[in-house]
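Listing of input.cif; format and content: mmCIF, C-alpha atoms and all ligand atoms.
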data_protein
#
loop_
_atom_site.group_PDB
_atom_site.id
_atom_site.type_symbol
_atom_site.label_atom_id
_atom_site.label_comp_id
_atom_site.auth_asym_id
_atom_site.auth_seq_id
_atom_site.Cartn_x
_atom_site.Cartn_y
_atom_site.Cartn_z
ATOM 1 C CA MET A 8 -16.067 86.304 14.572
ATOM 2 C CA ARG A 9 -17.103 87.225 11.092
ATOM 3 C CA ARG A 10 -15.560 86.079 7.838
ATOM 4 C CA VAL A 11 -14.945 89.018 5.498
ATOM 5 C CA GLU A 12 -17.119 88.719 2.418
ATOM 6 C CA ALA A 13 -15.527 88.049 -0.922
ATOM 7 C CA GLY A 14 -16.799 90.977 -2.923
ATOM 8 C CA ASN A 15 -13.988 92.563 -4.759
ATOM 9 C CA ARG A 16 -11.253 89.965 -4.709
ATOM 10 C CA ARG A 17 -7.619 90.046 -5.575
ATOM 11 C CA PRO A 18 -6.983 91.226 -9.163
ATOM 12 C CA GLU A 19 -3.984 90.260 -11.271
ATOM 13 C CA THR A 20 -2.225 93.559 -10.805
ATOM 14 C CA ARG A 21 -2.525 95.780 -7.832
ATOM 15 C CA ARG A 22 -0.656 98.377 -5.891
ATOM 16 C CA SER A 23 1.414 96.946 -3.158
ATOM 17 C CA TRP A 24 1.492 98.434 0.294
ATOM 18 C CA ARG A 25 4.973 97.048 0.782
ATOM 19 C CA MET A 26 6.214 98.677 -2.387
ATOM 20 C CA GLN A 27 4.659 102.041 -1.956
ATOM 21 C CA SER A 28 5.108 103.072 1.594
ATOM 22 C CA GLU A 29 7.686 102.821 4.295
ATOM 23 C CA PRO A 30 7.097 99.745 6.396
ATOM 24 C CA LEU A 31 6.339 100.511 10.014
ATOM 25 C CA LEU A 32 8.858 97.838 10.886
ATOM 26 C CA SER A 33 12.360 98.221 9.577
ATOM 27 C CA PRO A 34 13.503 95.412 7.236
ATOM 28 C CA THR A 35 15.674 94.137 10.042
ATOM 29 C CA ALA A 36 12.878 94.186 12.550
ATOM 30 C CA ASP A 37 10.720 92.447 10.008
ATOM 31 C CA LEU A 38 13.368 89.786 9.583
ATOM 32 C CA GLU A 39 13.742 89.418 13.300
ATOM 33 C CA GLU A 40 10.070 88.960 13.915
ATOM 34 C CA THR A 41 9.085 86.916 10.944
ATOM 35 C CA VAL A 42 12.103 84.947 10.020
ATOM 36 C CA PHE A 43 14.730 84.133 12.503
ATOM 37 C CA SER A 44 12.914 82.421 15.309
ATOM 38 C CA ASP A 45 10.829 80.513 12.827
ATOM 39 C CA ILE A 46 13.572 79.469 10.486
ATOM 40 C CA VAL A 47 16.011 78.583 13.189
ATOM 41 C CA SER A 48 13.462 76.467 14.985
ATOM 42 C CA SER A 49 12.123 75.053 11.740
ATOM 43 C CA LYS A 50 10.719 71.593 11.745
ATOM 44 C CA GLY A 51 11.489 68.832 9.291
ATOM 45 C CA HIS A 52 14.756 68.661 7.423
ATOM 46 C CA ALA A 53 17.660 68.952 9.800
ATOM 47 C CA THR A 54 19.315 71.768 7.939
ATOM 48 C CA GLY A 55 16.237 72.879 6.062
ATOM 49 C CA VAL A 56 13.543 75.412 6.421
ATOM 50 C CA THR A 57 10.020 74.194 6.206
ATOM 51 C CA TYR A 58 8.177 76.663 8.402
ATOM 52 C CA SER A 59 5.618 78.792 6.658
ATOM 53 C CA PRO A 60 4.123 81.852 8.346
ATOM 54 C CA LEU A 61 0.887 81.113 6.587
ATOM 55 C CA GLU A 62 0.633 77.778 8.365
ATOM 56 C CA GLY A 63 -0.159 79.738 11.488
ATOM 57 C CA HIS A 64 -3.082 81.314 9.743
ATOM 58 C CA MET A 65 -4.469 78.026 8.633
ATOM 59 C CA SER A 66 -4.422 76.238 11.944
ATOM 60 C CA GLY A 67 -4.928 76.805 15.648
ATOM 61 C CA GLU A 68 -6.436 80.113 16.560
ATOM 62 C CA ASP A 69 -7.090 81.142 12.996
ATOM 63 C CA GLY A 70 -8.903 78.026 11.921
ATOM 64 C CA PRO A 71 -9.084 76.702 8.398
ATOM 65 C CA LYS A 72 -10.985 79.622 6.911
ATOM 66 C CA GLY A 73 -8.332 82.313 6.980
ATOM 67 C CA ALA A 74 -6.219 84.587 9.082
ATOM 68 C CA ARG A 75 -7.202 87.146 11.639
ATOM 69 C CA LEU A 76 -6.826 90.512 10.026
ATOM 70 C CA GLN A 77 -4.390 91.944 12.590
ATOM 71 C CA LYS A 78 -2.220 88.842 12.352
ATOM 72 C CA PHE A 79 -2.232 88.995 8.582
ATOM 73 C CA LEU A 80 -1.118 92.641 8.694
ATOM 74 C CA ALA A 81 1.651 91.834 11.159
ATOM 75 C CA SER A 82 2.952 88.855 9.197
ATOM 76 C CA ALA A 83 2.927 90.938 6.019
ATOM 77 C CA GLY A 84 5.302 93.345 7.726
ATOM 78 C CA VAL A 85 2.877 96.255 7.879
ATOM 79 C CA ALA A 86 3.172 96.748 11.624
ATOM 80 C CA SER A 87 3.355 94.872 14.891
ATOM 81 C CA ARG A 88 0.219 93.019 15.929
ATOM 82 C CA ARG A 89 -0.732 95.752 18.411
ATOM 83 C CA LYS A 90 -0.122 98.563 15.937
ATOM 84 C CA SER A 91 -2.142 96.639 13.355
ATOM 85 C CA GLU A 92 -5.044 96.544 15.773
ATOM 86 C CA GLU A 93 -4.781 100.312 16.111
ATOM 87 C CA LEU A 94 -4.833 100.671 12.323
ATOM 88 C CA ILE A 95 -7.962 98.515 12.187
ATOM 89 C CA SER A 96 -9.707 100.438 14.980
ATOM 90 C CA ALA A 97 -8.846 103.713 13.292
ATOM 91 C CA GLY A 98 -10.717 102.612 10.153
ATOM 92 C CA ARG A 99 -7.589 102.655 8.030
ATOM 93 C CA VAL A 100 -7.951 99.057 6.851
ATOM 94 C CA ARG A 101 -10.245 97.900 4.073
ATOM 95 C CA VAL A 102 -10.944 94.332 3.037
ATOM 96 C CA ASN A 103 -12.380 93.836 -0.429
ATOM 97 C CA GLY A 104 -13.239 97.511 -0.540
ATOM 98 C CA ALA A 105 -15.048 97.696 2.815
ATOM 99 C CA VAL A 106 -13.635 99.349 5.933
ATOM 100 C CA VAL A 107 -13.247 96.750 8.675
ATOM 101 C CA THR A 108 -12.970 97.940 12.262
ATOM 102 C CA GLU A 109 -13.904 94.636 13.855
ATOM 103 C CA MET A 110 -11.030 92.930 15.633
ATOM 104 C CA GLY A 111 -10.664 89.315 14.633
ATOM 105 C CA ALA A 112 -12.303 89.572 11.232
ATOM 106 C CA LYS A 113 -10.795 86.906 9.025
ATOM 107 C CA VAL A 114 -9.208 87.187 5.633
ATOM 108 C CA ASP A 115 -7.961 84.696 3.098
ATOM 109 C CA PRO A 116 -4.462 85.950 2.249
ATOM 110 C CA GLU A 117 -4.640 84.356 -1.175
ATOM 111 C CA LEU A 118 -7.935 85.842 -2.247
ATOM 112 C CA ASP A 119 -8.932 88.882 -0.264
ATOM 113 C CA ILE A 120 -7.714 92.354 -1.097
ATOM 114 C CA VAL A 121 -6.505 94.055 2.055
ATOM 115 C CA GLU A 122 -5.613 97.719 1.927
ATOM 116 C CA VAL A 123 -4.095 100.039 4.488
ATOM 117 C CA ASP A 124 -4.669 103.702 3.766
ATOM 118 C CA GLY A 125 -5.753 102.704 0.270
ATOM 119 C CA VAL A 126 -2.641 100.720 -0.589
ATOM 120 C CA CYS A 127 -2.771 96.973 -1.113
ATOM 121 C CA VAL A 128 -0.973 94.710 1.366
ATOM 122 C CA GLU A 129 0.887 91.775 -0.150
ATOM 123 C CA PRO A 130 0.669 88.558 1.810
ATOM 124 C CA SER A 131 4.052 87.694 3.234
ATOM 125 C CA VAL A 132 6.058 84.833 1.920
ATOM 126 C CA GLN A 133 8.356 82.893 4.164
ATOM 127 C CA LYS A 134 11.864 84.278 3.844
ATOM 128 C CA VAL A 135 14.510 81.681 3.255
ATOM 129 C CA TYR A 136 18.280 82.166 3.413
ATOM 130 C CA VAL A 137 20.652 79.332 2.664
ATOM 131 C CA MET A 138 24.212 78.849 1.571
ATOM 132 C CA LEU A 139 25.212 76.248 -0.945
ATOM 133 C CA ASN A 140 28.621 74.814 -1.637
ATOM 134 C CA LYS A 141 28.322 74.937 -5.396
ATOM 135 C CA PRO A 142 30.135 72.222 -7.291
ATOM 136 C CA SER A 143 31.757 72.867 -10.639
ATOM 137 C CA GLY A 144 29.534 72.049 -13.616
ATOM 138 C CA TYR A 145 26.359 73.759 -12.372
ATOM 139 C CA VAL A 146 25.006 77.018 -13.736
ATOM 140 C CA SER A 147 23.878 79.688 -11.270
ATOM 141 C CA THR A 148 20.583 80.331 -13.024
ATOM 142 C CA ALA A 149 17.116 78.919 -12.459
ATOM 143 C CA LYS A 150 16.909 77.520 -15.978
ATOM 144 C CA ASP A 151 19.480 76.780 -18.644
ATOM 145 C CA GLU A 152 18.701 76.795 -22.362
ATOM 146 C CA LEU A 153 21.456 74.282 -22.942
ATOM 147 C CA GLY A 154 20.001 71.873 -20.409
ATOM 148 C CA ARG A 155 22.998 72.021 -18.091
ATOM 149 C CA PRO A 156 22.387 71.244 -14.419
ATOM 150 C CA THR A 157 21.361 74.255 -12.372
ATOM 151 C CA ILE A 158 22.089 75.077 -8.743
ATOM 152 C CA LEU A 159 18.356 74.836 -8.029
ATOM 153 C CA SER A 160 18.555 71.097 -8.593
ATOM 154 C CA LEU A 161 20.823 70.990 -5.535
ATOM 155 C CA VAL A 162 18.244 72.613 -3.247
ATOM 156 C CA GLY A 163 15.229 70.706 -4.553
ATOM 157 C CA GLU A 164 13.930 70.002 -1.033
ATOM 158 C CA ILE A 165 13.233 73.710 -0.512
ATOM 159 C CA LYS A 166 9.817 74.550 -1.829
ATOM 160 C CA GLU A 167 10.218 78.336 -1.889
ATOM 161 C CA ARG A 168 11.410 79.902 -5.136
ATOM 162 C CA LEU A 169 15.005 80.740 -4.517
ATOM 163 C CA PHE A 170 17.471 82.751 -6.524
ATOM 164 C CA PRO A 171 21.196 83.233 -6.076
ATOM 165 C CA VAL A 172 22.750 86.371 -4.617
ATOM 166 C CA GLY A 173 25.033 87.069 -7.552
ATOM 167 C CA ARG A 174 26.528 84.316 -9.613
ATOM 168 C CA LEU A 175 29.416 81.962 -9.785
ATOM 169 C CA ASP A 176 30.683 80.759 -13.153
ATOM 170 C CA MET A 177 29.777 77.272 -14.176
ATOM 171 C CA ASP A 178 33.327 76.123 -13.393
ATOM 172 C CA THR A 179 33.610 77.972 -10.088
ATOM 173 C CA GLU A 180 32.923 76.171 -6.840
ATOM 174 C CA GLY A 181 32.097 77.301 -3.357
ATOM 175 C CA LEU A 182 29.908 79.638 -1.378
ATOM 176 C CA LEU A 183 26.715 80.791 -3.012
ATOM 177 C CA ILE A 184 23.899 82.403 -1.033
ATOM 178 C CA LEU A 185 20.361 81.611 -2.126
ATOM 179 C CA THR A 186 17.251 83.379 -0.922
ATOM 180 C CA ASN A 187 13.728 84.343 -1.866
ATOM 181 C CA ASP A 188 14.173 87.768 -0.254
ATOM 182 C CA GLY A 189 14.672 90.233 -3.078
ATOM 183 C CA ASP A 190 15.428 93.180 -0.811
ATOM 184 C CA PHE A 191 18.126 91.230 0.976
ATOM 185 C CA ALA A 192 19.666 90.081 -2.318
ATOM 186 C CA ASN A 193 19.619 93.588 -3.776
ATOM 187 C CA LEU A 194 21.209 95.019 -0.681
ATOM 188 C CA LEU A 195 24.041 92.506 -0.798
ATOM 189 C CA MET A 196 24.620 92.815 -4.535
ATOM 190 C CA HIS A 197 24.481 96.579 -4.786
ATOM 191 C CA PRO A 198 27.919 97.718 -6.002
ATOM 192 C CA ARG A 199 27.873 100.640 -3.579
ATOM 193 C CA HIS A 200 27.945 98.230 -0.626
ATOM 194 C CA GLU A 201 31.240 96.714 -1.766
ATOM 195 C CA ILE A 202 31.097 93.485 0.190
ATOM 196 C CA TRP A 203 34.370 91.561 0.271
ATOM 197 C CA LYS A 204 34.289 88.186 -1.442
ATOM 198 C CA THR A 205 37.223 85.853 -0.978
ATOM 199 C CA TYR A 206 38.357 83.204 -3.443
ATOM 200 C CA VAL A 207 41.095 80.633 -3.549
ATOM 201 C CA ALA A 208 42.389 80.229 -7.084
ATOM 202 C CA VAL A 209 44.803 77.664 -8.387
ATOM 203 C CA ALA A 210 46.676 79.803 -10.889
ATOM 204 C CA ARG A 211 49.077 78.470 -13.474
ATOM 205 C CA GLY A 212 52.759 79.152 -12.875
ATOM 206 C CA ARG A 213 54.452 80.815 -9.925
ATOM 207 C CA LEU A 214 53.209 84.222 -8.782
ATOM 208 C CA THR A 215 55.895 86.761 -7.940
ATOM 209 C CA ASP A 216 55.750 89.593 -5.445
ATOM 210 C CA GLY A 217 55.276 91.869 -8.444
ATOM 211 C CA ASP A 218 52.173 89.898 -9.453
ATOM 212 C CA LEU A 219 50.717 90.186 -5.959
ATOM 213 C CA SER A 220 51.447 93.881 -5.901
ATOM 214 C CA ALA A 221 49.664 94.332 -9.254
ATOM 215 C CA LEU A 222 46.604 92.484 -7.961
ATOM 216 C CA ARG A 223 46.618 94.584 -4.778
ATOM 217 C CA HIS A 224 46.854 97.884 -6.616
ATOM 218 C CA GLY A 225 44.483 97.020 -9.458
ATOM 219 C CA VAL A 226 44.933 95.509 -12.890
ATOM 220 C CA LEU A 227 43.550 96.756 -16.175
ATOM 221 C CA LEU A 228 40.744 94.640 -17.638
ATOM 222 C CA GLU A 229 38.828 95.356 -20.855
ATOM 223 C CA ASP A 230 35.985 96.865 -18.801
ATOM 224 C CA GLY A 231 38.310 99.086 -16.783
ATOM 225 C CA PRO A 232 40.809 98.859 -13.934
ATOM 226 C CA THR A 233 39.992 96.800 -10.870
ATOM 227 C CA VAL A 234 39.887 98.456 -7.475
ATOM 228 C CA PRO A 235 42.487 97.415 -4.909
ATOM 229 C CA ALA A 236 42.202 93.796 -3.833
ATOM 230 C CA LYS A 237 43.801 91.650 -1.165
ATOM 231 C CA ALA A 238 46.125 88.966 -2.492
ATOM 232 C CA GLU A 239 48.351 86.419 -0.847
ATOM 233 C CA VAL A 240 50.024 83.174 -1.811
ATOM 234 C CA VAL A 241 48.647 80.214 0.134
ATOM 235 C CA ARG A 242 50.796 77.489 -1.387
ATOM 236 C CA VAL A 243 53.300 77.014 -4.148
ATOM 237 C CA ASN A 244 52.783 73.813 -6.165
ATOM 238 C CA ALA A 245 55.004 72.230 -8.809
ATOM 239 C CA SER A 246 53.429 74.106 -11.714
ATOM 240 C CA SER A 247 50.828 76.335 -10.108
ATOM 241 C CA THR A 248 50.211 78.639 -7.157
ATOM 242 C CA ASP A 249 47.268 78.691 -4.750
ATOM 243 C CA VAL A 250 46.320 82.342 -4.353
ATOM 244 C CA LYS A 251 43.849 83.834 -1.923
ATOM 245 C CA LEU A 252 42.213 86.832 -3.533
ATOM 246 C CA SER A 253 39.599 89.104 -1.968
ATOM 247 C CA ILE A 254 37.678 91.544 -4.120
ATOM 248 C CA ARG A 255 34.912 94.026 -3.432
ATOM 249 C CA GLU A 256 33.590 94.184 -6.980
ATOM 250 C CA GLY A 257 31.459 91.596 -8.733
ATOM 251 C CA ARG A 258 32.315 91.812 -12.403
ATOM 252 C CA LYS A 259 31.866 88.891 -14.724
ATOM 253 C CA ARG A 260 34.635 86.273 -14.391
ATOM 254 C CA GLN A 261 36.601 88.911 -12.545
ATOM 255 C CA VAL A 262 39.035 86.719 -10.632
ATOM 256 C CA ARG A 263 39.795 84.620 -13.702
ATOM 257 C CA ARG A 264 40.358 87.740 -15.784
ATOM 258 C CA MET A 265 42.508 89.410 -13.137
ATOM 259 C CA LEU A 266 44.832 86.442 -12.904
ATOM 260 C CA SER A 267 44.897 85.923 -16.677
ATOM 261 C CA SER A 268 45.783 89.584 -17.150
ATOM 262 C CA ILE A 269 49.019 89.046 -15.220
ATOM 263 C CA GLY A 270 49.836 85.833 -17.077
ATOM 264 C CA HIS A 271 48.495 83.243 -14.627
ATOM 265 C CA PRO A 272 45.298 81.664 -15.950
ATOM 266 C CA VAL A 273 43.057 80.053 -13.362
ATOM 267 C CA GLU A 274 42.890 76.288 -13.313
ATOM 268 C CA ARG A 275 40.452 76.032 -10.442
ATOM 269 C CA LEU A 276 38.439 78.587 -8.480
ATOM 270 C CA GLU A 277 36.545 78.380 -5.228
ATOM 271 C CA ARG A 278 34.762 81.091 -3.250
ATOM 272 C CA ILE A 279 35.382 80.607 0.458
ATOM 273 C CA SER A 280 33.668 83.624 1.984
ATOM 274 C CA TYR A 281 31.118 86.311 1.317
ATOM 275 C CA GLY A 282 31.404 89.224 3.730
ATOM 276 C CA PRO A 283 31.480 87.712 7.217
ATOM 277 C CA LEU A 284 29.978 84.440 5.976
ATOM 278 C CA GLU A 285 32.410 81.563 5.594
ATOM 279 C CA LEU A 286 31.956 78.346 3.672
ATOM 280 C CA GLY A 287 33.577 76.332 6.459
ATOM 281 C CA ASP A 288 33.307 72.590 6.150
ATOM 282 C CA LEU A 289 30.018 72.468 4.277
ATOM 283 C CA PRO A 290 30.473 69.549 1.866
ATOM 284 C CA ARG A 291 30.488 70.233 -1.869
ATOM 285 C CA GLY A 292 26.981 70.040 -3.333
ATOM 286 C CA LYS A 293 25.315 70.506 0.080
ATOM 287 C CA TRP A 294 23.438 73.452 1.533
ATOM 288 C CA ARG A 295 22.384 74.650 4.940
ATOM 289 C CA ALA A 296 20.094 77.356 6.288
ATOM 290 C CA LEU A 297 21.804 80.502 7.499
ATOM 291 C CA ASN A 298 21.232 81.271 11.140
ATOM 292 C CA GLU A 299 20.056 84.572 12.570
ATOM 293 C CA LYS A 300 23.539 85.786 13.364
ATOM 294 C CA GLU A 301 24.732 85.084 9.827
ATOM 295 C CA VAL A 302 21.832 86.871 8.136
ATOM 296 C CA LYS A 303 22.199 89.837 10.480
ATOM 297 C CA GLY A 304 25.938 89.877 9.894
ATOM 298 C CA LEU A 305 25.421 90.077 6.133
ATOM 299 C CA LEU A 306 22.869 92.862 6.496
ATOM 300 C CA LYS A 307 25.186 94.766 8.770
ATOM 301 C CA GLU A 308 28.054 94.364 6.340
ATOM 302 C CA ALA A 309 25.932 95.681 3.468
ATOM 303 C CA LYS A 310 24.741 98.658 5.467
ATOM 304 C CA ARG A 311 28.163 99.707 6.651
HETATM 305 N N1 LIG B 401 35.327 85.555 -10.393
HETATM 306 C C1 LIG B 401 35.339 84.655 -11.384
HETATM 307 O O1 LIG B 401 36.209 84.701 -12.237
HETATM 308 N N2 LIG B 401 34.386 83.740 -11.406
HETATM 309 C C2 LIG B 401 33.431 83.631 -10.482
HETATM 310 O O2 LIG B 401 32.581 82.763 -10.556
HETATM 311 C C3 LIG B 401 33.430 84.577 -9.453
HETATM 312 C C4 LIG B 401 34.391 85.538 -9.431
#

Produce structure tokens that represent the structure in this file.
Amino acid sequence: MRRVEAGNRRPETRRSWRMQSEPLLSPTADLEETVFSDIVSSKGHATGVTYSPLEGHMSGEDGPKGARLQKFLASAGVASRRKSEELISAGRVRVNGAVVTEMGAKVDPELDIVEVDGVCVEPSVQKVYVMLNKPSGYVSTAKDELGRPTILSLVGEIKERLFPVGRLDMDTEGLLILTNDGDFANLLMHPRHEIWKTYVAVARGRLTDGDLSALRHGVLLEDGPTVPAKAEVVRVNASSTDVKLSIREGRKRQVRRMLSSIGHPVERLERISYGPLELGDLPRGKWRALNEKEVKGLLKEAKR
């Protein structure tokens, strides 16, 4: 088995096969093959995700010196292992500029430039999907100029670089999805996909039927009217009302502004669901990996 020579190694910028052509596997198939079985059966942290697809390349059949070319192509989402072998045999794969038709040639995913039909293949990164029960007082960004605590400090055990799917205000609590899968995040956040997000707000005063009707039909905010929402009273307290509000938009501080606009400022806000995904009894400040069914359910919801 020959090791592919390091002639023309990975430059800083390059064309990406993933970016420039349609994957032979659909994103969902890619998720199914690369992510679910591995994440769900991850080792280590009970609720965590420590599996790395690259580990497979560095041990066992691949040995310490790199990954078999067909396996690298498959794990990068180019094609199934068998289809990747066909691509190699057909002379469509180059490594560091040279056509490789030998099955089992090895590549170093970090250093070697692998191209299929002239377009560079990015090494795959393990996809991670978790949900966090965000406490109040944390910002939903990776860094904060003011030095306030960030949500990333709550998922410090996860080594992958995660980002939130949308944001919750610093004072808002509840369900926040974090991932390192940009396509997945974009799909969920795209306004056209209109995923329902449900919040429980403690709103000052007592909401009337007229207030609920206004929320359901749409209220006028400074950036335009809101689209119809679902609204119901969950509990009436001495000086406030617990309101369950579901919205399909994701405008800044939208729930707070909607309730303020009808004269009931929010005293406390929690997101309890995102599409089919429910916060459940996940303790505040804790996170857990999403399972296959949950990730698929979110994708399905976005693609409806
Ligand atoms: N609406 C808000 O007002 N705040 C949030 O964090 C989310 C929705």

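Near Met177 in chain A, within 8 Å and counting only C-alpha atoms, sit Ser143, Gly144, Tyr145, Val146 and Ser147 of chain A; same-chain residues fewer than 6 positions away were not included.
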
Evaluating the PyMOL selection byres (((chain A and resi 158) around 8) and not hetatm) on the displayed file yields which residues, as a JSON list (two decimals) with C-alpha atoms, keeping the file's coordinate frame?
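See result23.json below for the written result:
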[["chain", "number", "residue", "atom", "x", "y", "z"],
["A", 141, "LYS", "CA", 28.32, 74.94, -5.40],
["A", 145, "TYR", "CA", 26.36, 73.76, -12.37],
["A", 146, "VAL", "CA", 25.01, 77.02, -13.74],
["A", 147, "SER", "CA", 23.88, 79.69, -11.27],
["A", 148, "THR", "CA", 20.58, 80.33, -13.02],
["A", 149, "ALA", "CA", 17.12, 78.92, -12.46],
["A", 156, "PRO", "CA", 22.39, 71.24, -14.42],
["A", 157, "THR", "CA", 21.36, 74.26, -12.37],
["A", 159, "LEU", "CA", 18.36, 74.84, -8.03],
["A", 160, "SER", "CA", 18.56, 71.10, -8.59],
["A", 161, "LEU", "CA", 20.82, 70.99, -5.54],
["A", 162, "VAL", "CA", 18.24, 72.61, -3.25]]

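Using only C-alpha atoms and all ligand atoms, the smallest distance between any of A:Asp288, A:Glu180, A:Glu299, A:Asp124 and ligand LIG 401 (chain B) comes from A:Glu180.
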
- Item | Selection dump of the PyMOL selection byres (((chain A and resi 208) around 7) and not hetatm), as a PyMOL selection string | chain A and resi 206-207+209-210+249-251+273+275-277

Residues picked by the PyMOL selection byres (((chain A and resi 114-116) around 8) and not hetatm) here, as a PDB file with C-alpha atoms, keeping the file's coordinate frame?
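This went into selection.pdb:
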ATOM      1  CA  ARG A  10     -15.560  86.079   7.838  1.00  0.00           C
ATOM      2  CA  VAL A  11     -14.945  89.018   5.498  1.00  0.00           C
ATOM      3  CA  LYS A  72     -10.985  79.622   6.911  1.00  0.00           C
ATOM      4  CA  GLY A  73      -8.332  82.313   6.980  1.00  0.00           C
ATOM      5  CA  ALA A  74      -6.219  84.587   9.082  1.00  0.00           C
ATOM      6  CA  ARG A  75      -7.202  87.146  11.639  1.00  0.00           C
ATOM      7  CA  LEU A  76      -6.826  90.512  10.026  1.00  0.00           C
ATOM      8  CA  PHE A  79      -2.232  88.995   8.582  1.00  0.00           C
ATOM      9  CA  VAL A 102     -10.944  94.332   3.037  1.00  0.00           C
ATOM     10  CA  ALA A 112     -12.303  89.572  11.232  1.00  0.00           C
ATOM     11  CA  LYS A 113     -10.795  86.906   9.025  1.00  0.00           C
ATOM     12  CA  GLU A 117      -4.640  84.356  -1.175  1.00  0.00           C
ATOM     13  CA  LEU A 118      -7.935  85.842  -2.247  1.00  0.00           C
ATOM     14  CA  ASP A 119      -8.932  88.882  -0.264  1.00  0.00           C
ATOM     15  CA  ILE A 120      -7.714  92.354  -1.097  1.00  0.00           C
ATOM     16  CA  PRO A 130       0.669  88.558   1.810  1.00  0.00           C
TER      17      PRO A 130
END

- Contact residues around range 234-247 of chain A with only C-alpha atoms at 9 Å, ignoring same-chain residues under 5 positions, as a list in words: Thr205, Val207, Val209, Ala210, Arg211, Gly212, Arg213, Leu214, Leu219, Ser220, Ala221, Leu222, Arg223, His224, Gly225, Val226, Leu252, Ser253, Ile254, Arg255, Glu256, His271 and Glu274 of chain A

- Query: What does the distance from CA of Gly163 in chain A to CA of Val262 in chain A come to in Å, to one decimal?
  - Reply: 29.3 Å

- Note on the structure: Closest of A:Asp176, A:Glu229, A:Glu164, A:Asp190 to ligand LIG 401 (chain B), counting all atoms listed in the file, is A:Asp176

- Can you tell me which residues come within 7 Å of ligand LIG 401 (chain B) when counting only C-alpha atoms and all ligand atoms, ideally as a ChimeraX atom specification? /A:174-176,179,257,259-264

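One finds CA of Glu109 in chain A at 14.5 Å from CA of Lys90 in chain A.
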
- Task: In the coordinate frame of the file, compute which residues have an atom within 7 Å of (15.7, 82.2, -5.5) when using only C-alpha atoms, and state them as a VMD selection string.
- Result: chain A and resid 168 to 171 185 to 187

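Coordinates place CA of Leu306 in chain A at a distance of 20.3 Å from CA of Val85 in chain A.
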
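Within 12 Å of the point (27.7, 89.9, 9.6) in file coordinates, and counting only C-alpha atoms, lie the residues Leu195, Ile202, Trp203, Ser280, Tyr281, Gly282, Pro283, Leu284, Glu285, Leu297, Asn298, Glu299, Lys300, Glu301, Val302, Lys303, Gly304, Leu305, Leu306, Lys307, Glu308, Ala309, Lys310 and Arg311 of chain A.
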